[in-house]
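Content type mmCIF, C-alpha atoms, from the file entry-v7.cif:
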data_entry
loop_
_atom_site.label_atom_id
_atom_site.label_comp_id
_atom_site.auth_asym_id
_atom_site.auth_seq_id
_atom_site.Cartn_x
_atom_site.Cartn_y
_atom_site.Cartn_z
CA MET A 72 0.00 0.00 0.00
CA THR A 73 1.43 3.36 -1.00
CA THR A 74 1.66 5.93 1.71
CA PRO A 75 0.06 9.17 0.50
CA THR A 76 2.44 12.06 0.15
CA ALA A 77 1.70 14.90 2.51
CA ALA A 78 0.67 18.08 0.77
CA ALA A 79 3.20 20.88 0.93
CA PRO A 80 2.25 23.54 3.45
CA PRO A 81 0.94 26.75 1.91
CA PRO A 82 3.40 29.64 1.75
CA PRO A 83 3.17 32.08 4.64
CA PRO A 84 1.03 35.12 3.94
CA VAL A 85 2.83 38.18 2.64
CA PRO A 86 2.90 40.91 5.33
CA THR A 87 0.66 43.75 4.22
CA ALA A 88 2.47 46.87 5.45
CA PRO A 89 5.89 46.05 3.95
CA LEU A 90 4.29 45.11 0.61
CA VAL A 91 2.41 48.41 0.48
CA ASP A 92 5.61 50.32 1.28
CA TYR A 93 7.56 48.38 -1.35
CA LEU A 94 4.96 48.93 -4.05
CA LEU A 95 4.73 52.62 -3.18
CA GLY A 96 8.51 52.99 -3.35
CA LEU A 97 8.74 51.54 -6.84
CA GLY A 98 5.61 53.33 -7.98
CA ASP A 99 6.74 56.69 -6.66
CA ASP A 100 10.13 56.31 -8.35
CA ALA A 101 8.42 55.85 -11.69
CA LEU A 102 5.75 58.52 -11.13
CA VAL A 103 8.12 61.30 -10.07
CA LEU A 104 10.63 60.60 -12.84
CA ALA A 105 7.80 60.53 -15.40
CA GLN A 106 6.81 63.99 -14.20
CA ARG A 107 10.37 65.25 -14.53
CA LEU A 108 10.84 63.84 -18.03
CA GLY A 109 7.53 65.33 -19.12
CA GLU A 110 9.01 68.75 -18.41
CA TRP A 111 11.26 68.28 -21.46
CA ILE A 112 8.37 68.16 -23.92
CA THR A 113 8.69 71.19 -26.24
CA ARG A 114 12.08 71.95 -24.62
CA ALA A 115 14.31 69.07 -25.76
CA PRO A 116 17.26 69.85 -28.05
CA GLN A 117 15.70 67.91 -30.95
CA ILE A 118 12.10 67.17 -31.88
CA GLU A 119 12.93 63.46 -31.80
CA GLU A 120 13.90 63.91 -28.15
CA ASP A 121 10.53 65.45 -27.35
CA ILE A 122 9.00 62.22 -28.61
CA ALA A 123 11.59 59.89 -27.08
CA LEU A 124 11.49 61.43 -23.60
CA GLY A 125 7.71 61.65 -23.76
CA ASN A 126 7.51 57.94 -24.58
CA ILE A 127 9.91 57.05 -21.76
CA ALA A 128 7.80 59.13 -19.40
CA LEU A 129 4.66 57.28 -20.54
CA ASP A 130 6.35 53.92 -19.95
CA LEU A 131 7.22 55.00 -16.42
CA LEU A 132 3.73 56.35 -15.86
CA GLY A 133 2.29 52.99 -16.87
CA GLN A 134 4.53 51.27 -14.32
CA ALA A 135 3.47 53.79 -11.68
CA ARG A 136 -0.24 53.29 -12.33
CA ALA A 137 0.00 49.52 -11.99
CA LEU A 138 2.12 49.70 -8.83
CA LEU A 139 0.01 52.36 -7.11
CA THR A 140 -3.22 50.58 -7.99
CA ARG A 141 -1.91 47.37 -6.46
CA ALA A 142 -0.63 49.24 -3.40
CA GLY A 143 -4.13 50.64 -2.86
CA GLU A 144 -5.68 47.19 -3.19
CA VAL A 145 -3.28 45.65 -0.69
CA GLU A 146 -3.68 48.56 1.72
CA GLY A 147 -7.46 48.16 1.68
CA ALA A 148 -8.16 51.75 2.74
CA GLY A 149 -10.08 52.70 -0.39
CA ARG A 150 -7.31 54.73 -2.01
CA ASP A 151 -6.96 54.28 -5.77
CA GLU A 152 -4.04 55.24 -8.01
CA ASP A 153 -5.24 58.85 -8.32
CA GLU A 154 -5.59 59.34 -4.59
CA LEU A 155 -2.15 57.86 -3.98
CA ALA A 156 -0.56 59.95 -6.71
CA PHE A 157 -2.30 63.24 -6.01
CA GLY A 158 -3.57 63.02 -2.43
CA ARG A 159 -0.40 62.29 -0.50
CA ASP A 160 1.93 64.88 0.97
CA GLU A 161 5.69 65.01 0.51
CA ARG A 162 6.54 62.95 3.61
CA GLU A 163 4.27 60.14 2.40
CA PHE A 164 6.19 59.64 -0.85
CA ARG A 165 8.69 56.76 -0.87
CA ASN A 166 10.77 57.52 -3.98
CA VAL A 167 14.54 57.78 -3.97
CA CYS A 168 15.82 61.34 -4.14
CA LEU A 169 17.54 60.81 -7.51
CA VAL A 170 14.28 60.98 -9.46
CA GLU A 171 13.16 64.27 -7.93
CA ILE A 172 16.22 66.40 -8.72
CA PRO A 173 15.63 69.07 -11.39
CA ASN A 174 16.38 68.19 -14.99
CA GLY A 175 19.26 70.64 -15.31
CA ASP A 176 20.64 70.74 -18.83
CA PHE A 177 20.25 67.81 -21.22
CA ALA A 178 23.48 66.17 -20.04
CA VAL A 179 22.25 66.10 -16.43
CA THR A 180 19.01 64.46 -17.56
CA MET A 181 20.90 61.83 -19.56
CA ALA A 182 23.24 61.12 -16.65
CA ARG A 183 20.25 60.64 -14.36
CA GLN A 184 18.53 58.48 -16.96
CA LEU A 185 21.57 56.25 -17.40
CA VAL A 186 21.92 55.76 -13.65
CA PHE A 187 18.23 55.08 -13.06
CA SER A 188 17.38 52.98 -16.11
CA ALA A 189 20.42 50.75 -15.55
CA TYR A 190 19.21 50.24 -11.97
CA GLN A 191 15.63 49.60 -13.09
CA LEU A 192 16.72 47.01 -15.63
CA GLU A 193 18.44 44.98 -12.91
CA LEU A 194 15.45 45.49 -10.61
CA TRP A 195 12.80 44.34 -13.07
CA THR A 196 14.95 41.44 -14.24
CA ALA A 197 15.08 40.19 -10.64
CA LEU A 198 11.35 40.79 -10.11
CA ARG A 199 10.35 38.46 -12.94
CA ALA A 200 10.66 35.70 -10.33
CA SER A 201 8.60 37.55 -7.69
CA ALA A 202 5.92 35.64 -5.81
CA GLU A 203 3.70 38.74 -6.07
CA PRO A 204 1.77 38.23 -9.33
CA LEU A 205 1.54 41.92 -10.17
CA LEU A 206 5.28 42.41 -9.83
CA ALA A 207 6.12 39.31 -11.88
CA ASP A 208 3.65 40.22 -14.65
CA LEU A 209 4.71 43.85 -14.76
CA ALA A 210 8.39 42.88 -14.80
CA GLY A 211 7.93 40.89 -18.00
CA LYS A 212 6.81 44.04 -19.81
CA ALA A 213 8.97 46.54 -17.93
CA VAL A 214 12.24 44.73 -18.72
CA LYS A 215 11.68 45.38 -22.42
CA GLU A 216 10.76 49.02 -21.86
CA VAL A 217 13.65 49.76 -19.54
CA ALA A 218 16.17 48.07 -21.85
CA TYR A 219 15.26 50.75 -24.39
CA HIS A 220 15.46 53.51 -21.76
CA ARG A 221 18.95 52.35 -20.81
CA ASP A 222 20.11 52.11 -24.41
CA HIS A 223 18.76 55.56 -25.21
CA ALA A 224 20.63 57.14 -22.29
CA THR A 225 23.76 55.15 -23.09
CA GLN A 226 23.93 56.42 -26.65
CA TRP A 227 23.61 60.03 -25.50
CA VAL A 228 26.26 59.65 -22.80
CA LEU A 229 28.66 58.17 -25.35
CA ARG A 230 27.81 60.80 -27.95
CA LEU A 231 28.29 63.73 -25.59
CA GLY A 232 31.17 62.36 -23.56
CA ASP A 233 33.29 61.32 -26.53
CA GLY A 234 32.24 64.21 -28.75
CA THR A 235 33.16 67.87 -28.64
CA ASP A 236 35.01 69.50 -25.76
CA GLU A 237 31.80 71.25 -24.73
CA GLY A 238 29.79 68.02 -24.84
CA HIS A 239 32.46 66.26 -22.80
CA ARG A 240 32.52 69.03 -20.20
CA ARG A 241 28.75 69.08 -19.84
CA MET A 242 28.44 65.29 -19.67
CA GLN A 243 31.07 65.08 -16.94
CA ALA A 244 29.27 67.85 -15.05
CA GLY A 245 26.04 65.87 -15.43
CA LEU A 246 27.59 62.77 -13.90
CA ASP A 247 29.02 64.87 -11.08
CA ARG A 248 25.54 66.29 -10.42
CA VAL A 249 23.73 62.97 -10.10
CA TRP A 250 26.39 60.76 -8.52
CA PRO A 251 25.67 61.72 -4.88
CA TYR A 252 22.25 60.08 -5.37
CA VAL A 253 23.53 56.73 -6.65
CA GLU A 254 24.11 54.82 -3.43
CA GLU A 255 20.55 55.36 -2.20
CA LEU A 256 19.36 53.09 -5.01
CA PHE A 257 21.22 50.16 -3.48
CA ALA A 258 20.80 50.89 0.23
CA PRO A 259 19.28 48.13 2.40
CA ASP A 260 15.51 48.51 2.48
CA ASP A 261 13.43 47.38 5.45
CA ALA A 262 10.36 46.68 3.32
CA ALA A 263 12.33 44.55 0.87
CA ASP A 264 14.04 42.69 3.73
CA ARG A 265 10.62 41.65 5.06
CA LEU A 266 9.45 40.33 1.68
CA PRO A 267 11.66 37.35 0.79
CA GLY A 268 10.64 35.84 -2.51
CA VAL A 269 8.58 38.92 -3.34
CA ALA A 270 10.96 41.89 -3.40
CA ALA A 271 14.38 42.28 -4.96
CA ASP A 272 17.21 42.89 -2.51
CA PRO A 273 18.53 46.31 -3.62
CA THR A 274 22.05 45.50 -2.43
CA SER A 275 22.21 42.60 -4.90
CA LEU A 276 21.59 44.94 -7.85
CA ARG A 277 24.68 47.05 -7.36
CA GLU A 278 27.34 44.77 -8.84
CA PRO A 279 25.75 44.30 -12.29
CA TRP A 280 24.81 47.99 -12.33
CA VAL A 281 28.43 48.97 -11.68
CA ALA A 282 29.68 46.63 -14.41
CA TYR A 283 27.43 48.24 -17.00
CA VAL A 284 27.48 51.90 -16.01
CA HIS A 285 31.19 52.14 -15.31
CA ASP A 286 31.88 50.58 -18.71
CA VAL A 287 29.72 53.22 -20.41
CA VAL A 288 31.45 56.01 -18.50
CA GLU A 289 34.85 54.66 -19.51
CA ARG A 290 33.88 54.29 -23.18
CA ALA A 291 32.59 57.87 -23.11
CA THR A 292 36.07 59.00 -21.96
CA LEU A 293 34.53 60.28 -18.74
CA THR A 294 35.46 59.75 -15.10
CA VAL A 295 33.33 58.01 -12.46
CA PRO A 296 32.76 60.74 -9.85
CA VAL A 297 33.68 60.38 -6.18
CA PRO A 298 30.98 62.41 -4.39
CA SER A 299 31.70 64.22 -1.14
CA TRP A 300 28.20 63.47 0.20
CA ARG A 301 25.42 60.96 -0.44
CA SER A 302 21.64 61.29 -0.36
CA ARG A 303 19.55 59.06 1.86
CA GLY A 304 16.12 58.81 3.41
CA GLY A 305 13.83 58.91 0.38
CA ARG A 306 12.31 55.52 1.13
CA GLU A 307 11.47 56.84 4.62
CA GLY A 308 9.85 60.01 3.29
CA LEU A 309 12.86 62.30 3.78
CA HIS A 310 13.28 64.21 0.54
CA SER A 311 15.16 67.10 -0.99
CA GLU A 312 13.50 70.49 -1.33
CA HIS A 313 12.93 69.67 -5.01
CA LEU A 314 10.04 67.29 -4.35
CA GLY A 315 8.27 70.01 -2.40
CA HIS A 316 8.25 72.15 -5.55
CA LEU A 317 7.36 69.31 -7.93
CA LEU A 318 4.32 67.96 -6.10
CA PRO A 319 2.16 71.13 -6.11
CA GLU A 320 2.53 71.37 -9.88
CA MET A 321 1.74 67.67 -10.35
CA GLN A 322 -1.16 67.60 -7.88
CA HIS A 323 -2.77 71.00 -8.39
CA LEU A 324 -5.58 70.07 -10.76
CA HIS A 325 -6.69 67.03 -8.76
CA ARG A 326 -6.70 68.98 -5.51
CA ALA A 327 -8.38 72.04 -7.00
CA HIS A 328 -11.23 69.91 -8.37
CA PRO A 329 -11.59 66.91 -6.02
CA GLY A 330 -13.69 64.13 -7.43
CA ALA A 331 -13.81 65.64 -10.92
CA ARG A 332 -14.06 63.22 -13.85
CA TRP A 333 -13.14 63.86 -17.49
#
Please go through the file and, once you have read it, give me the structure as structure tokens.
Amino acid sequence: MTTPTAAAPPPPPVPTAPLVDYLLGLGDDALVLAQRLGEWITRAPQIEEDIALGNIALDLLGQARALLTRAGEVEGAGRDEDELAFGRDEREFRNVCLVEIPNGDFAVTMARQLVFSAYQLELWTALRASAEPLLADLAGKAVKEVAYHRDHATQWVLRLGDGTDEGHRRMQAGLDRVWPYVEELFAPDDAADRLPGVAADPTSLREPWVAYVHDVVERATLTVPVPSWRSRGGREGLHSEHLGHLLPEMQHLHRAHPGARW
């Protein structure tokens, strides 16, 4: 007589609060950077860049909508994507400080985009194996989008860095501007630590990011900066003054006409 095999125990439930915080962090990253990139429309150095940066912003906005919607569902407090995007105050946002810094000139924006898209590509690649269905499904699409974002930024960094003296100077200045914000991307995250099998450990993303980004910087005949200070605290709601200026512009219409539908 064959002894029946005992059924495997169900996986432990995912803790709600850390999952909400994790989803908000990733969603806020994408939302705030989408807002920043949208500021380039009609102001980019080429008409093709208006379109390219607008499309990248729309990709990020799509990620943000999915992540914020899921965060609201998990939270269970009746807040939808609009309320989470437009109804929270600065201290409630969980984005890293990198995405909120002003665009600066085009080289600063491309330096920021290289840093962030290279990070996002490693992040979404890892999240394809997430036990959270939304994250795994979204990662399958986001990996393809972010691969383009990274390539687009890479080509501009190479073009400017290894081009004219003025392009080289501006591209190096752009890297110098964004580099103090790099380490926050890979800092240990309490929410991620409490979500094994669901979240990606940010510390594990640093090595492949370094391999790619440092190679691009070298090929662009630029120098990897050594910052004298480093940002921190964005995941805990501690932001630069720049987010305080960005949010009123982003949230004004929703707050001026609460409940309005178009």
Near-His239 of chain A list (10 Å; all atoms listed in the file; drop same-chain fewer than 5 positions) as a PyMOL selection string
chain A and resi 178+228-234+244-245+291-293
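Proximity ranking of A:Val170, A:Arg136, A:Asp247, A:Leu317 relative to Glu154 of chain A places A:Arg136 first, based on only C-alpha atoms.
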When the PyMOL selection byres ((chain A and resi 273) around 8) is applied to the structure above, which residues does it catch, written out as a PyMOL selection string?
chain A and resi 194+256-260+263+271-272+274-277
Could you tell me, as a PyMOL selection string, exactly which residues end up selected when the PyMOL selection byres ((chain A and resi 213) around 9) is applied to this structure?
chain A and resi 130-131+134+191-192+195-196+208-212+214-218
Run the PyMOL selection byres ((chain A and resi 297-314) around 7) mentally over the shown coordinates, then write out the matched residues as a PyMOL selection string, using the chain letters and numbers from the document.
chain A and resi 96+161-168+171-173+250-252+254-255+295-296+315-318
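The coordinates place atom CA of Arg199 of chain A at 20.4 Å from atom CA of Thr87 of chain A.
Between atom CA of Leu95 of chain A and atom CA of Leu132 of chain A lies a distance of 13.3 Å.
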In Å and to one decimal, atom CA of Ala189 of chain A is distant from atom CA of Trp280 of chain A by 6.1 Å
Using all atoms listed in the file, which residues sit within 9 Å of Arg265 of chain A once same-chain residues fewer than 5 positions away are excluded, as a PyMOL selection string?
chain A and resi 85-86+89-90+260+270
Atoms to include: C-alpha atoms. Write the selected residues as a PDB file, keeping the file's coordinate frame.
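Below is the file that was written, result.pdb:
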ATOM      1  CA  VAL A  85       2.830  38.180   2.640  1.00  0.00           C
ATOM      2  CA  PRO A  86       2.900  40.910   5.330  1.00  0.00           C
ATOM      3  CA  PRO A  89       5.890  46.050   3.950  1.00  0.00           C
ATOM      4  CA  LEU A  90       4.290  45.110   0.610  1.00  0.00           C
ATOM      5  CA  ASP A 260      15.510  48.510   2.480  1.00  0.00           C
ATOM      6  CA  ALA A 270      10.960  41.890  -3.400  1.00  0.00           C
TER       7      ALA A 270
END
I'd like the neighbourhood of Gln184 of chain A as a list in words, where a residue qualifies if any of its atoms comes within 7 Å (using only C-alpha atoms), though same-chain residues fewer than 4 positions away should be ignored.
Thr180, Ser188 and Ala224 of chain A
Leaving out Leu129 of chain A and any residue of its chain fewer than 3 positions from it, which residues lie within 10 Å of it when counting only C-alpha atoms, given as a short mmCIF file (atom, residue, chain, number, x, y, z; two decimals) with C-alpha atoms, in the frame of the given file?
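Dumped to result_0.cif:
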data_model
loop_
_atom_site.label_atom_id
_atom_site.label_comp_id
_atom_site.auth_asym_id
_atom_site.auth_seq_id
_atom_site.Cartn_x
_atom_site.Cartn_y
_atom_site.Cartn_z
CA ALA A 101 8.42 55.85 -11.69
CA LEU A 102 5.75 58.52 -11.13
CA ALA A 105 7.80 60.53 -15.40
CA GLN A 106 6.81 63.99 -14.20
CA LEU A 108 10.84 63.84 -18.03
CA GLY A 109 7.53 65.33 -19.12
CA ALA A 123 11.59 59.89 -27.08
CA LEU A 124 11.49 61.43 -23.60
CA GLY A 125 7.71 61.65 -23.76
CA ASN A 126 7.51 57.94 -24.58
CA LEU A 132 3.73 56.35 -15.86
CA GLY A 133 2.29 52.99 -16.87
CA GLN A 134 4.53 51.27 -14.32
CA ALA A 135 3.47 53.79 -11.68
#
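If all atoms listed in the file are the atoms counted, then among A:His285, A:Arg183, A:Arg159, A:Arg114 the closest residue to Pro319 of chain A is A:Arg159.
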4 Å per side around segment 123-139 of chain A: axis-aligned box centre and edge lengths, as AutoDock Vina command-line options:
--center_x 5.7 --center_y 55.6 --center_z -17.1 --size_x 19.8 --size_y 20.1 --size_z 28.0
Please fill the gaps in segment 129-145 of chain A so it has N, CA and C atoms, and write that as an mmCIF file, keeping the file's coordinate frame.
data_model
loop_
_atom_site.group_PDB
_atom_site.id
_atom_site.type_symbol
_atom_site.label_atom_id
_atom_site.label_comp_id
_atom_site.auth_asym_id
_atom_site.auth_seq_id
_atom_site.Cartn_x
_atom_site.Cartn_y
_atom_site.Cartn_z
ATOM 1 N N LEU A 129 5.907 58.061 -20.507
ATOM 2 C CA LEU A 129 4.660 57.280 -20.540
ATOM 3 C C LEU A 129 4.892 55.844 -20.075
ATOM 4 N N ASP A 130 6.017 55.254 -20.459
ATOM 5 C CA ASP A 130 6.350 53.920 -19.950
ATOM 6 C C ASP A 130 6.397 53.921 -18.427
ATOM 7 N N LEU A 131 7.089 54.909 -17.871
ATOM 8 C CA LEU A 131 7.220 55.000 -16.420
ATOM 9 C C LEU A 131 5.865 55.264 -15.770
ATOM 10 N N LEU A 132 5.053 56.078 -16.406
ATOM 11 C CA LEU A 132 3.730 56.350 -15.860
ATOM 12 C C LEU A 132 2.880 55.081 -15.845
ATOM 13 N N GLY A 133 3.009 54.265 -16.872
ATOM 14 C CA GLY A 133 2.290 52.990 -16.870
ATOM 15 C C GLY A 133 2.726 52.088 -15.724
ATOM 16 N N GLN A 134 4.034 52.039 -15.468
ATOM 17 C CA GLN A 134 4.530 51.270 -14.320
ATOM 18 C C GLN A 134 3.941 51.829 -13.030
ATOM 19 N N ALA A 135 3.969 53.157 -12.903
ATOM 20 C CA ALA A 135 3.470 53.790 -11.680
ATOM 21 C C ALA A 135 1.997 53.481 -11.455
ATOM 22 N N ARG A 136 1.201 53.546 -12.488
ATOM 23 C CA ARG A 136 -0.240 53.290 -12.330
ATOM 24 C C ARG A 136 -0.497 51.874 -11.832
ATOM 25 N N ALA A 137 0.203 50.910 -12.421
ATOM 26 C CA ALA A 137 0.000 49.520 -11.990
ATOM 27 C C ALA A 137 0.441 49.322 -10.541
ATOM 28 N N LEU A 138 1.581 49.887 -10.179
ATOM 29 C CA LEU A 138 2.120 49.700 -8.830
ATOM 30 C C LEU A 138 1.266 50.415 -7.780
ATOM 31 N N LEU A 139 0.832 51.634 -8.076
ATOM 32 C CA LEU A 139 0.010 52.360 -7.110
ATOM 33 C C LEU A 139 -1.376 51.741 -6.970
ATOM 34 N N THR A 140 -1.923 51.267 -8.070
ATOM 35 C CA THR A 140 -3.220 50.580 -7.990
ATOM 36 C C THR A 140 -3.125 49.358 -7.098
ATOM 37 N N ARG A 141 -2.089 48.569 -7.288
ATOM 38 C CA ARG A 141 -1.910 47.370 -6.460
ATOM 39 C C ARG A 141 -1.643 47.739 -5.010
ATOM 40 N N ALA A 142 -0.875 48.799 -4.775
ATOM 41 C CA ALA A 142 -0.630 49.240 -3.400
ATOM 42 C C ALA A 142 -1.944 49.604 -2.710
ATOM 43 N N GLY A 143 -2.832 50.293 -3.433
ATOM 44 C CA GLY A 143 -4.130 50.640 -2.860
ATOM 45 C C GLY A 143 -4.977 49.419 -2.560
ATOM 46 N N GLU A 144 -4.922 48.421 -3.432
ATOM 47 C CA GLU A 144 -5.680 47.190 -3.190
ATOM 48 C C GLU A 144 -5.170 46.464 -1.958
ATOM 49 N N VAL A 145 -3.856 46.354 -1.838
ATOM 50 C CA VAL A 145 -3.280 45.650 -0.690
ATOM 51 C C VAL A 145 -3.550 46.419 0.595
#
